[in-house]
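Shown next: coords-v9.pdb, given as PDB, C-alpha atoms.
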ATOM      1  CA  ARG A   1     -40.327 110.970  62.128
ATOM      2  CA  ARG A   2     -41.942 114.295  63.057
ATOM      3  CA  THR A   3     -45.054 113.343  61.083
ATOM      4  CA  VAL A   4     -45.178 109.941  62.773
ATOM      5  CA  GLU A   5     -44.752 111.431  66.225
ATOM      6  CA  SER A   6     -47.050 114.430  65.710
ATOM      7  CA  GLY A   7     -50.273 112.461  66.168
ATOM      8  CA  ILE A   8     -51.737 114.113  63.090
ATOM      9  CA  ILE A   9     -52.022 110.839  61.223
ATOM     10  CA  GLY A  10     -51.958 107.161  62.158
ATOM     11  CA  VAL A  11     -48.885 105.312  60.941
ATOM     12  CA  PHE A  12     -48.221 101.584  61.142
ATOM     13  CA  ASP A  13     -45.631  99.136  59.889
ATOM     14  CA  PHE A  14     -46.884  95.989  58.198
ATOM     15  CA  ARG A  15     -45.774  92.805  56.527
ATOM     16  CA  VAL A  16     -47.444  91.448  53.413
ATOM     17  CA  ASP A  17     -48.952  88.659  55.537
ATOM     18  CA  ARG A  18     -51.084  91.518  57.049
ATOM     19  CA  GLN A  19     -49.260  91.469  60.378
ATOM     20  CA  ILE A  20     -48.932  94.926  61.959
ATOM     21  CA  THR A  21     -45.447  95.112  63.420
ATOM     22  CA  GLY A  22     -45.431  98.655  64.803
ATOM     23  CA  ALA A  23     -47.702 101.664  65.150
ATOM     24  CA  ASN A  24     -47.636 105.225  66.406
ATOM     25  CA  GLU A  25     -49.850 106.539  69.217
ATOM     26  CA  ALA A  26     -52.306 108.112  66.767
ATOM     27  CA  PHE A  27     -53.025 104.748  65.119
ATOM     28  CA  LEU A  28     -53.225 102.874  68.430
ATOM     29  CA  GLY A  29     -55.613 105.470  69.845
ATOM     30  CA  MET A  30     -57.708 105.558  66.675
ATOM     31  CA  LEU A  31     -58.338 101.821  66.867
ATOM     32  CA  GLY A  32     -58.208 101.425  70.643
ATOM     33  CA  ILE A  33     -55.497  98.756  70.525
ATOM     34  CA  ARG A  34     -52.501  98.314  72.821
ATOM     35  CA  GLU A  35     -48.891  98.646  71.793
ATOM     36  CA  ALA A  36     -48.130  95.485  73.798
ATOM     37  CA  ASP A  37     -50.475  93.506  71.513
ATOM     38  CA  VAL A  38     -48.719  94.900  68.442
ATOM     39  CA  ARG A  39     -45.300  93.991  69.843
ATOM     40  CA  ALA A  40     -46.534  90.506  70.740
ATOM     41  CA  GLY A  41     -47.658  89.944  67.135
ATOM     42  CA  ARG A  42     -51.360  89.767  68.018
ATOM     43  CA  VAL A  43     -52.548  92.478  65.611
ATOM     44  CA  ASN A  44     -53.325  91.579  62.011
ATOM     45  CA  SER A  45     -54.900  94.115  59.665
ATOM     46  CA  ARG A  46     -57.215  91.511  58.127
ATOM     47  CA  ASP A  47     -58.662  90.738  61.566
ATOM     48  CA  LEU A  48     -59.170  94.487  62.067
ATOM     49  CA  THR A  49     -61.051  94.809  58.771
ATOM     50  CA  PRO A  50     -64.816  94.119  58.543
ATOM     51  CA  ASP A  51     -65.728  91.371  56.048
ATOM     52  CA  ARG A  52     -67.358  93.808  53.601
ATOM     53  CA  TRP A  53     -63.963  95.453  53.041
ATOM     54  CA  HIS A  54     -61.924  92.268  52.498
ATOM     55  CA  ALA A  55     -62.190  92.224  48.687
ATOM     56  CA  LEU A  56     -60.985  95.829  48.365
ATOM     57  CA  ASP A  57     -58.248  95.212  50.945
ATOM     58  CA  ASP A  58     -57.056  92.115  49.053
ATOM     59  CA  ALA A  59     -56.880  94.109  45.817
ATOM     60  CA  LYS A  60     -54.891  96.888  47.495
ATOM     61  CA  PHE A  61     -52.456  94.429  49.078
ATOM     62  CA  ALA A  62     -51.959  92.807  45.666
ATOM     63  CA  GLU A  63     -51.258  96.286  44.277
ATOM     64  CA  VAL A  64     -48.673  96.940  46.998
ATOM     65  CA  VAL A  65     -46.928  93.613  46.290
ATOM     66  CA  LYS A  66     -46.968  94.228  42.537
ATOM     67  CA  THR A  67     -46.074  97.934  42.339
ATOM     68  CA  GLY A  68     -44.684  98.723  45.794
ATOM     69  CA  VAL A  69     -47.391 101.339  46.415
ATOM     70  CA  ALA A  70     -51.147 101.426  46.992
ATOM     71  CA  LEU A  71     -52.503 104.941  46.821
ATOM     72  CA  GLN A  72     -55.223 106.076  49.163
ATOM     73  CA  TRP A  73     -58.482 104.215  49.544
ATOM     74  CA  GLU A  74     -61.343 104.326  51.988
ATOM     75  CA  LYS A  75     -62.159 101.443  54.292
ATOM     76  CA  GLU A  76     -63.091 100.777  57.900
ATOM     77  CA  PHE A  77     -61.185  99.282  60.804
ATOM     78  CA  LEU A  78     -62.778  97.375  63.674
ATOM     79  CA  ARG A  79     -62.165  98.463  67.238
ATOM     80  CA  PRO A  80     -62.029  95.921  70.094
ATOM     81  CA  ASP A  81     -65.494  97.074  71.255
ATOM     82  CA  GLY A  82     -66.983  96.114  67.868
ATOM     83  CA  SER A  83     -67.422  99.672  66.609
ATOM     84  CA  THR A  84     -65.847 100.761  63.353
ATOM     85  CA  VAL A  85     -63.803 103.779  62.333
ATOM     86  CA  PRO A  86     -63.828 104.998  58.719
ATOM     87  CA  VAL A  87     -60.307 105.669  57.469
ATOM     88  CA  LEU A  88     -58.327 106.740  54.453
ATOM     89  CA  VAL A  89     -55.304 104.452  53.964
ATOM     90  CA  ALA A  90     -52.199 104.530  51.779
ATOM     91  CA  LYS A  91     -49.432 101.902  51.815
ATOM     92  CA  ALA A  92     -45.973 101.494  50.397
ATOM     93  CA  LEU A  93     -43.290  98.839  50.688
ATOM     94  CA  LEU A  94     -40.052  99.965  52.246
ATOM     95  CA  GLU A  95     -37.337 100.696  49.726
ATOM     96  CA  GLY A  96     -35.667  97.456  48.663
ATOM     97  CA  SER A  97     -38.189  95.274  50.517
ATOM     98  CA  THR A  98     -40.743  92.866  49.098
ATOM     99  CA  ASP A  99     -42.177  91.937  52.479
ATOM    100  CA  GLU A 100     -42.367  95.009  54.745
ATOM    101  CA  GLY A 101     -43.986  98.374  54.366
ATOM    102  CA  ILE A 102     -45.426 101.424  56.029
ATOM    103  CA  ALA A 103     -49.007 102.654  55.967
ATOM    104  CA  LEU A 104     -50.596 106.019  56.628
ATOM    105  CA  CYS A 105     -54.078 106.007  58.124
ATOM    106  CA  LEU A 106     -56.325 109.060  58.493
ATOM    107  CA  ASP A 107     -59.523 108.958  60.576
ATOM    108  CA  ILE A 108     -62.308 110.382  58.378
ATOM    109  CA  SER A 109     -65.147 110.025  60.898
ATOM    110  CA  ASP A 110     -65.870 113.773  60.808
ATOM    111  CA  ARG A 111     -66.105 113.796  57.030
ATOM    112  CA  LYS A 112     -68.353 110.726  57.020
ATOM    113  CA  GLY A 113     -70.535 112.330  59.698
ATOM    114  CA  ALA A 114     -70.837 115.472  57.569
ATOM    115  CA  GLU A 115     -71.772 113.335  54.542
ATOM    116  CA  ARG A 116     -74.455 111.526  56.559
ATOM    117  CA  GLU A 117     -75.803 114.855  57.837
ATOM    118  CA  ARG A 118     -75.883 116.217  54.296
ATOM    119  CA  GLU A 119     -77.783 113.122  53.141
ATOM    120  CA  ARG A 120     -80.224 113.496  56.054
ATOM    121  CA  LEU A 121     -80.832 117.142  55.166
ATOM    122  CA  LEU A 122     -81.320 116.270  51.494
ATOM    123  CA  VAL A 123     -83.900 113.639  52.449
ATOM    124  CA  MET A 124     -85.662 116.142  54.715
ATOM    125  CA  GLU A 125     -85.659 118.746  51.936
ATOM    126  CA  ARG A 126     -87.015 116.221  49.436
ATOM    127  CA  ASP A 127     -89.750 115.106  51.863
ATOM    128  CA  ALA A 128     -90.684 118.740  52.586
ATOM    129  CA  ARG A 129     -90.867 119.475  48.861
ATOM    130  CA  ILE A 130     -93.073 116.427  48.270
ATOM    131  CA  GLU A 131     -95.330 117.474  51.151
ATOM    132  CA  ALA A 132     -95.547 121.040  49.817
ATOM    133  CA  GLU A 133     -96.420 119.745  46.349
ATOM    134  CA  ARG A 134     -99.043 117.459  47.883
ATOM    135  CA  ALA A 135    -100.519 120.365  49.860
ATOM    136  CA  THR A 136    -100.567 122.554  46.750
ATOM    137  CA  GLN A 137    -102.290 119.816  44.770
ATOM    138  CA  LEU A 138    -104.816 119.311  47.568
ATOM    139  CA  ARG A 139    -105.505 123.054  47.633
ATOM    140  CA  ASP A 140    -105.978 123.092  43.861
ATOM    141  CA  ASP A 141    -108.282 120.066  44.047
ATOM    142  CA  VAL A 142    -110.394 121.714  46.764
ATOM    143  CA  LEU A 143    -110.608 124.959  44.798
ATOM    144  CA  ALA A 144    -111.641 123.062  41.678
ATOM    145  CA  ILE A 145    -114.454 121.401  43.651
ATOM    146  CA  VAL A 146    -115.499 124.498  45.603
ATOM    147  CA  ALA A 147    -115.438 127.070  42.792
ATOM    148  CA  PRO A 148    -118.668 125.793  41.158
ATOM    149  CA  ASP A 149    -120.316 125.449  44.593
ATOM    150  CA  LEU A 150    -119.587 129.130  45.253
ATOM    151  CA  ARG A 151    -120.469 130.266  41.740
ATOM    152  CA  ASN A 152    -124.000 128.732  41.801
ATOM    153  CA  PRO A 153    -125.268 130.724  44.817
ATOM    154  CA  VAL A 154    -123.596 133.873  43.492
ATOM    155  CA  HIS A 155    -125.479 133.473  40.186
ATOM    156  CA  THR A 156    -128.712 132.770  42.069
ATOM    157  CA  ILE A 157    -128.278 135.894  44.213
ATOM    158  CA  GLY A 158    -127.424 137.953  41.135
ATOM    159  CA  MET A 159    -130.483 136.748  39.239
ATOM    160  CA  ALA A 160    -132.807 137.317  42.208
ATOM    161  CA  ALA A 161    -131.393 140.795  42.766
ATOM    162  CA  SER A 162    -131.809 141.623  39.039
ATOM    163  CA  LEU A 163    -135.453 140.565  39.183
ATOM    164  CA  LEU A 164    -136.024 142.798  42.212
ATOM    165  CA  ILE A 165    -134.361 145.769  40.490
ATOM    166  CA  ASP A 166    -135.574 145.329  36.917
ATOM    167  CA  LEU A 167    -139.124 144.029  37.246
ATOM    168  CA  PRO A 168    -142.160 145.534  38.974
ATOM    169  CA  LEU A 169    -142.906 142.610  41.304
ATOM    170  CA  GLY A 170    -145.683 142.277  43.746
ATOM    171  CA  LYS A 171    -145.009 141.902  47.453
ATOM    172  CA  ALA A 172    -145.249 138.077  47.380
ATOM    173  CA  ALA A 173    -142.869 137.838  44.394
ATOM    174  CA  GLN A 174    -140.426 140.254  46.063
ATOM    175  CA  GLU A 175    -140.481 138.223  49.294
ATOM    176  CA  LYS A 176    -139.833 135.052  47.276
ATOM    177  CA  GLN A 177    -136.776 136.611  45.594
ATOM    178  CA  ILE A 178    -135.512 137.974  48.957
ATOM    179  CA  ALA A 179    -135.907 134.475  50.474
ATOM    180  CA  ILE A 180    -133.901 133.026  47.572
ATOM    181  CA  ILE A 181    -131.129 135.593  48.162
ATOM    182  CA  HIS A 182    -131.168 134.900  51.903
ATOM    183  CA  ARG A 183    -131.069 131.097  51.436
ATOM    184  CA  SER A 184    -128.222 131.327  48.890
ATOM    185  CA  ALA A 185    -126.224 133.654  51.164
ATOM    186  CA  ARG A 186    -126.638 131.231  54.086
ATOM    187  CA  GLY A 187    -125.407 128.373  51.858
ATOM    188  CA  MET A 188    -122.364 130.399  50.848
ATOM    189  CA  ASP A 189    -121.714 131.261  54.506
ATOM    190  CA  ARG A 190    -121.749 127.555  55.465
ATOM    191  CA  LEU A 191    -119.429 126.723  52.567
ATOM    192  CA  ILE A 192    -117.014 129.494  53.593
ATOM    193  CA  ASP A 193    -117.044 128.197  57.196
ATOM    194  CA  ASP A 194    -116.189 124.719  55.891
ATOM    195  CA  LEU A 195    -113.330 126.162  53.836
ATOM    196  CA  LEU A 196    -111.972 128.030  56.867
ATOM    197  CA  ASP A 197    -112.119 124.783  58.887
ATOM    198  CA  LEU A 198    -110.204 123.048  56.132
ATOM    199  CA  VAL A 199    -107.571 125.802  56.092
ATOM    200  CA  ARG A 200    -107.169 125.520  59.873
TER     201      ARG A 200
END

Using structure tokens, write down the structure from this file.
Amino acid sequence: RRTVESGIIGVFDFRVDRQITGANEAFLGMLGIREADVRAGRVNSRDLTPDRWHALDDAKFAEVVKTGVALQWEKEFLRPDGSTVPVLVAKALLEGSTDEGIALCLDISDRKGAERERERLLVMERDARIEAERATQLRDDVLAIVAPDLRNPVHTIGMAASLLIDLPLGKAAQEKQIAIIHRSARGMDRLIDDLLDLVR
């Protein structure tokens, strides 16, 4: 009685025809139904159960009829406004009865919300990882393309500088090698600017 009256858990009385014959305040508040409707016989658990849960509900009711007990299972109940509340339910026939029983009903909305949030975070983490891998691959692809483009002017500058240092060149030949170095350096500078734009 203290458990029923505490409001910790929804409790309702039922018949095997799915009629709800009594309920505590916690259950009534959870589903948004009126005690007067329960007393008038207008509340049936099948009507409160969305279609997608009917097969499981039928199996659990068959289990209650056969064994006297149906241990906890998850389902949803419909509220009068059309919204649903996820619940954990357990049922048992009253001692010596084949027709009447009592059910315990726990609102698990918070747990379901936490599960949905966890799933959302996992999806976000997976998407971020995929994006990071894509960015890394793009970076590697760009480096693979750019490395030869940077290496060629570096080799050209190196060769021109070696000629200037190692060989006695006339003024015209020196100016030609200096022009090659200057042109290659400008090309590298443009390529580096393009890379910086890409990074930005």

Output check: residues returned by the PyMOL selection byres ((chain A and resi 35-37) around 10), as a CSV table (one decimal) with C-alpha atoms, in the frame of the given file:
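Dumped to result-v7.csv:
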chain,number,residue,atom,x,y,z
A,20,ILE,CA,-48.9,94.9,62.0
A,21,THR,CA,-45.4,95.1,63.4
A,22,GLY,CA,-45.4,98.7,64.8
A,23,ALA,CA,-47.7,101.7,65.2
A,24,ASN,CA,-47.6,105.2,66.4
A,25,GLU,CA,-49.8,106.5,69.2
A,27,PHE,CA,-53.0,104.7,65.1
A,28,LEU,CA,-53.2,102.9,68.4
A,29,GLY,CA,-55.6,105.5,69.8
A,32,GLY,CA,-58.2,101.4,70.6
A,33,ILE,CA,-55.5,98.8,70.5
A,34,ARG,CA,-52.5,98.3,72.8
A,38,VAL,CA,-48.7,94.9,68.4
A,39,ARG,CA,-45.3,94.0,69.8
A,40,ALA,CA,-46.5,90.5,70.7
A,41,GLY,CA,-47.7,89.9,67.1
A,42,ARG,CA,-51.4,89.8,68.0
A,43,VAL,CA,-52.5,92.5,65.6

Q) Counting only C-alpha atoms, what is within 10 Å of segment 44-51 of chain A, bar same-chain residues fewer than 5 positions away, as a VMD selection string? A) chain A and resid 14 to 15 17 to 21 31 38 57 to 58 75 to 80 82 84

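Each of A:Leu191, A:Ala179, A:Leu163, A:Met30 was compared to Ser109 of chain A using all atoms listed in the file, and A:Met30 turns out to be the nearest.
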
Q: Pick out the residues sitting within 12 Å of Val146 of chain A, and hand them over as a list of chain:residue names; count only C-alpha atoms, and ignore anything fewer than 3 positions along from it in its own chain.
A: A:Arg139, A:Asp140, A:Asp141, A:Val142, A:Leu143, A:Asp149, A:Leu150, A:Arg151, A:Asn152, A:Pro153, A:Met188, A:Leu191, A:Ile192, A:Asp194, A:Leu195, A:Leu198

Q: Identify the residues around (-40.4, 99.5, 52.1) within a radius of 10 Å, measuring from only C-alpha atoms in the coordinates stated by the file, and give them as JSON, numbers by chain.
A: {"A": [13, 14, 15, 68, 69, 91, 92, 93, 94, 95, 96, 97, 98, 99, 100, 101, 102, 103]}

Could you extract segment 34-49 of chain A of the given structure into a file holding all heavy atoms, as a compact mmCIF listing (two decimals), in the first residue's frame?
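For reference, part12.txt as written:
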# COMPACT_ATOMS: atom_id res chain seq x y z
N ARG A 34 -8.23 10.23 -16.36
CA ARG A 34 -8.99 10.59 -15.16
C ARG A 34 -9.46 9.34 -14.41
O ARG A 34 -9.82 8.34 -15.03
CB ARG A 34 -10.20 11.43 -15.54
CG ARG A 34 -9.83 12.75 -16.22
CD ARG A 34 -11.02 13.58 -16.59
NE ARG A 34 -12.04 12.74 -17.26
CZ ARG A 34 -13.32 13.08 -17.35
NH1 ARG A 34 -13.76 14.20 -16.81
NH2 ARG A 34 -14.17 12.30 -17.98
N GLU A 35 -9.45 9.44 -13.11
CA GLU A 35 -9.92 8.33 -12.28
C GLU A 35 -11.38 8.02 -12.57
O GLU A 35 -11.79 6.86 -12.57
CB GLU A 35 -9.72 8.66 -10.80
CG GLU A 35 -10.03 7.48 -9.89
CD GLU A 35 -9.73 7.78 -8.44
OE1 GLU A 35 -9.37 8.92 -8.11
OE2 GLU A 35 -9.86 6.84 -7.62
N ALA A 36 -12.17 9.07 -12.88
CA ALA A 36 -13.59 8.87 -13.17
C ALA A 36 -13.76 7.96 -14.39
O ALA A 36 -14.68 7.13 -14.44
CB ALA A 36 -14.28 10.21 -13.40
N ASP A 37 -12.89 8.11 -15.39
CA ASP A 37 -12.97 7.26 -16.59
C ASP A 37 -12.62 5.82 -16.25
O ASP A 37 -13.20 4.88 -16.80
CB ASP A 37 -12.04 7.79 -17.68
CG ASP A 37 -12.53 9.11 -18.27
OD1 ASP A 37 -13.75 9.33 -18.27
OD2 ASP A 37 -11.69 9.90 -18.73
N VAL A 38 -11.65 5.64 -15.35
CA VAL A 38 -11.29 4.28 -14.92
C VAL A 38 -12.48 3.64 -14.20
O VAL A 38 -12.88 2.51 -14.50
CB VAL A 38 -10.04 4.30 -14.01
CG1 VAL A 38 -9.79 2.92 -13.42
CG2 VAL A 38 -8.82 4.78 -14.79
N ARG A 39 -13.06 4.39 -13.27
CA ARG A 39 -14.19 3.86 -12.50
C ARG A 39 -15.39 3.55 -13.38
O ARG A 39 -16.16 2.62 -13.11
CB ARG A 39 -14.61 4.85 -11.41
CG ARG A 39 -13.62 4.91 -10.26
CD ARG A 39 -14.09 5.85 -9.19
NE ARG A 39 -13.15 5.93 -8.09
CZ ARG A 39 -13.22 6.80 -7.13
NH1 ARG A 39 -14.19 7.70 -7.09
NH2 ARG A 39 -12.32 6.79 -6.16
N ALA A 40 -15.55 4.35 -14.44
CA ALA A 40 -16.69 4.14 -15.35
C ALA A 40 -16.44 3.03 -16.36
O ALA A 40 -17.30 2.74 -17.20
CB ALA A 40 -17.02 5.44 -16.08
N GLY A 41 -15.25 2.40 -16.30
CA GLY A 41 -14.94 1.30 -17.21
C GLY A 41 -14.59 1.74 -18.61
O GLY A 41 -14.75 0.98 -19.57
N ARG A 42 -14.10 2.98 -18.76
CA ARG A 42 -13.79 3.51 -20.09
C ARG A 42 -12.30 3.43 -20.44
O ARG A 42 -11.86 4.01 -21.44
CB ARG A 42 -14.25 4.97 -20.19
CG ARG A 42 -15.76 5.14 -20.15
CD ARG A 42 -16.16 6.56 -20.53
NE ARG A 42 -15.82 7.52 -19.51
CZ ARG A 42 -16.64 7.95 -18.56
NH1 ARG A 42 -17.87 7.48 -18.50
NH2 ARG A 42 -16.24 8.84 -17.68
N VAL A 43 -11.52 2.73 -19.62
CA VAL A 43 -10.08 2.67 -19.87
C VAL A 43 -9.66 1.22 -20.07
O VAL A 43 -9.80 0.39 -19.18
CB VAL A 43 -9.28 3.30 -18.70
CG1 VAL A 43 -7.79 3.25 -18.99
CG2 VAL A 43 -9.73 4.73 -18.46
N ASN A 44 -9.16 0.94 -21.28
CA ASN A 44 -8.74 -0.40 -21.64
C ASN A 44 -7.27 -0.32 -22.08
O ASN A 44 -6.90 0.54 -22.88
CB ASN A 44 -9.61 -0.94 -22.79
CG ASN A 44 -9.31 -2.38 -23.11
OD1 ASN A 44 -8.26 -2.71 -23.64
ND2 ASN A 44 -10.26 -3.26 -22.80
N SER A 45 -6.44 -1.19 -21.55
CA SER A 45 -5.01 -1.08 -21.82
C SER A 45 -4.68 -1.29 -23.30
O SER A 45 -3.69 -0.74 -23.79
CB SER A 45 -4.20 -2.05 -20.96
OG SER A 45 -4.46 -3.38 -21.30
N ARG A 46 -5.50 -2.05 -24.01
CA ARG A 46 -5.22 -2.22 -25.45
C ARG A 46 -5.44 -0.92 -26.20
O ARG A 46 -4.68 -0.57 -27.11
CB ARG A 46 -6.08 -3.33 -26.04
CG ARG A 46 -5.67 -3.66 -27.49
CD ARG A 46 -6.17 -5.02 -27.90
NE ARG A 46 -5.73 -5.40 -29.22
CZ ARG A 46 -4.60 -6.03 -29.50
NH1 ARG A 46 -3.78 -6.35 -28.53
NH2 ARG A 46 -4.29 -6.36 -30.73
N ASP A 47 -6.48 -0.17 -25.81
CA ASP A 47 -6.73 1.13 -26.44
C ASP A 47 -5.63 2.12 -26.12
O ASP A 47 -5.38 3.06 -26.89
CB ASP A 47 -8.08 1.70 -25.98
CG ASP A 47 -9.26 0.82 -26.37
OD1 ASP A 47 -9.12 0.06 -27.36
OD2 ASP A 47 -10.30 0.88 -25.69
N LEU A 48 -4.96 1.94 -24.98
CA LEU A 48 -3.88 2.84 -24.57
C LEU A 48 -2.53 2.45 -25.17
O LEU A 48 -1.54 3.12 -24.94
CB LEU A 48 -3.75 2.83 -23.04
CG LEU A 48 -4.90 3.41 -22.23
CD1 LEU A 48 -4.67 3.21 -20.75
CD2 LEU A 48 -5.09 4.89 -22.55
N THR A 49 -2.51 1.35 -25.92
CA THR A 49 -1.26 0.83 -26.45
C THR A 49 -1.18 1.08 -27.96
O THR A 49 -2.08 0.68 -28.70
CB THR A 49 -1.16 -0.70 -26.19
OG1 THR A 49 -1.24 -0.91 -24.77
CG2 THR A 49 0.15 -1.26 -26.70
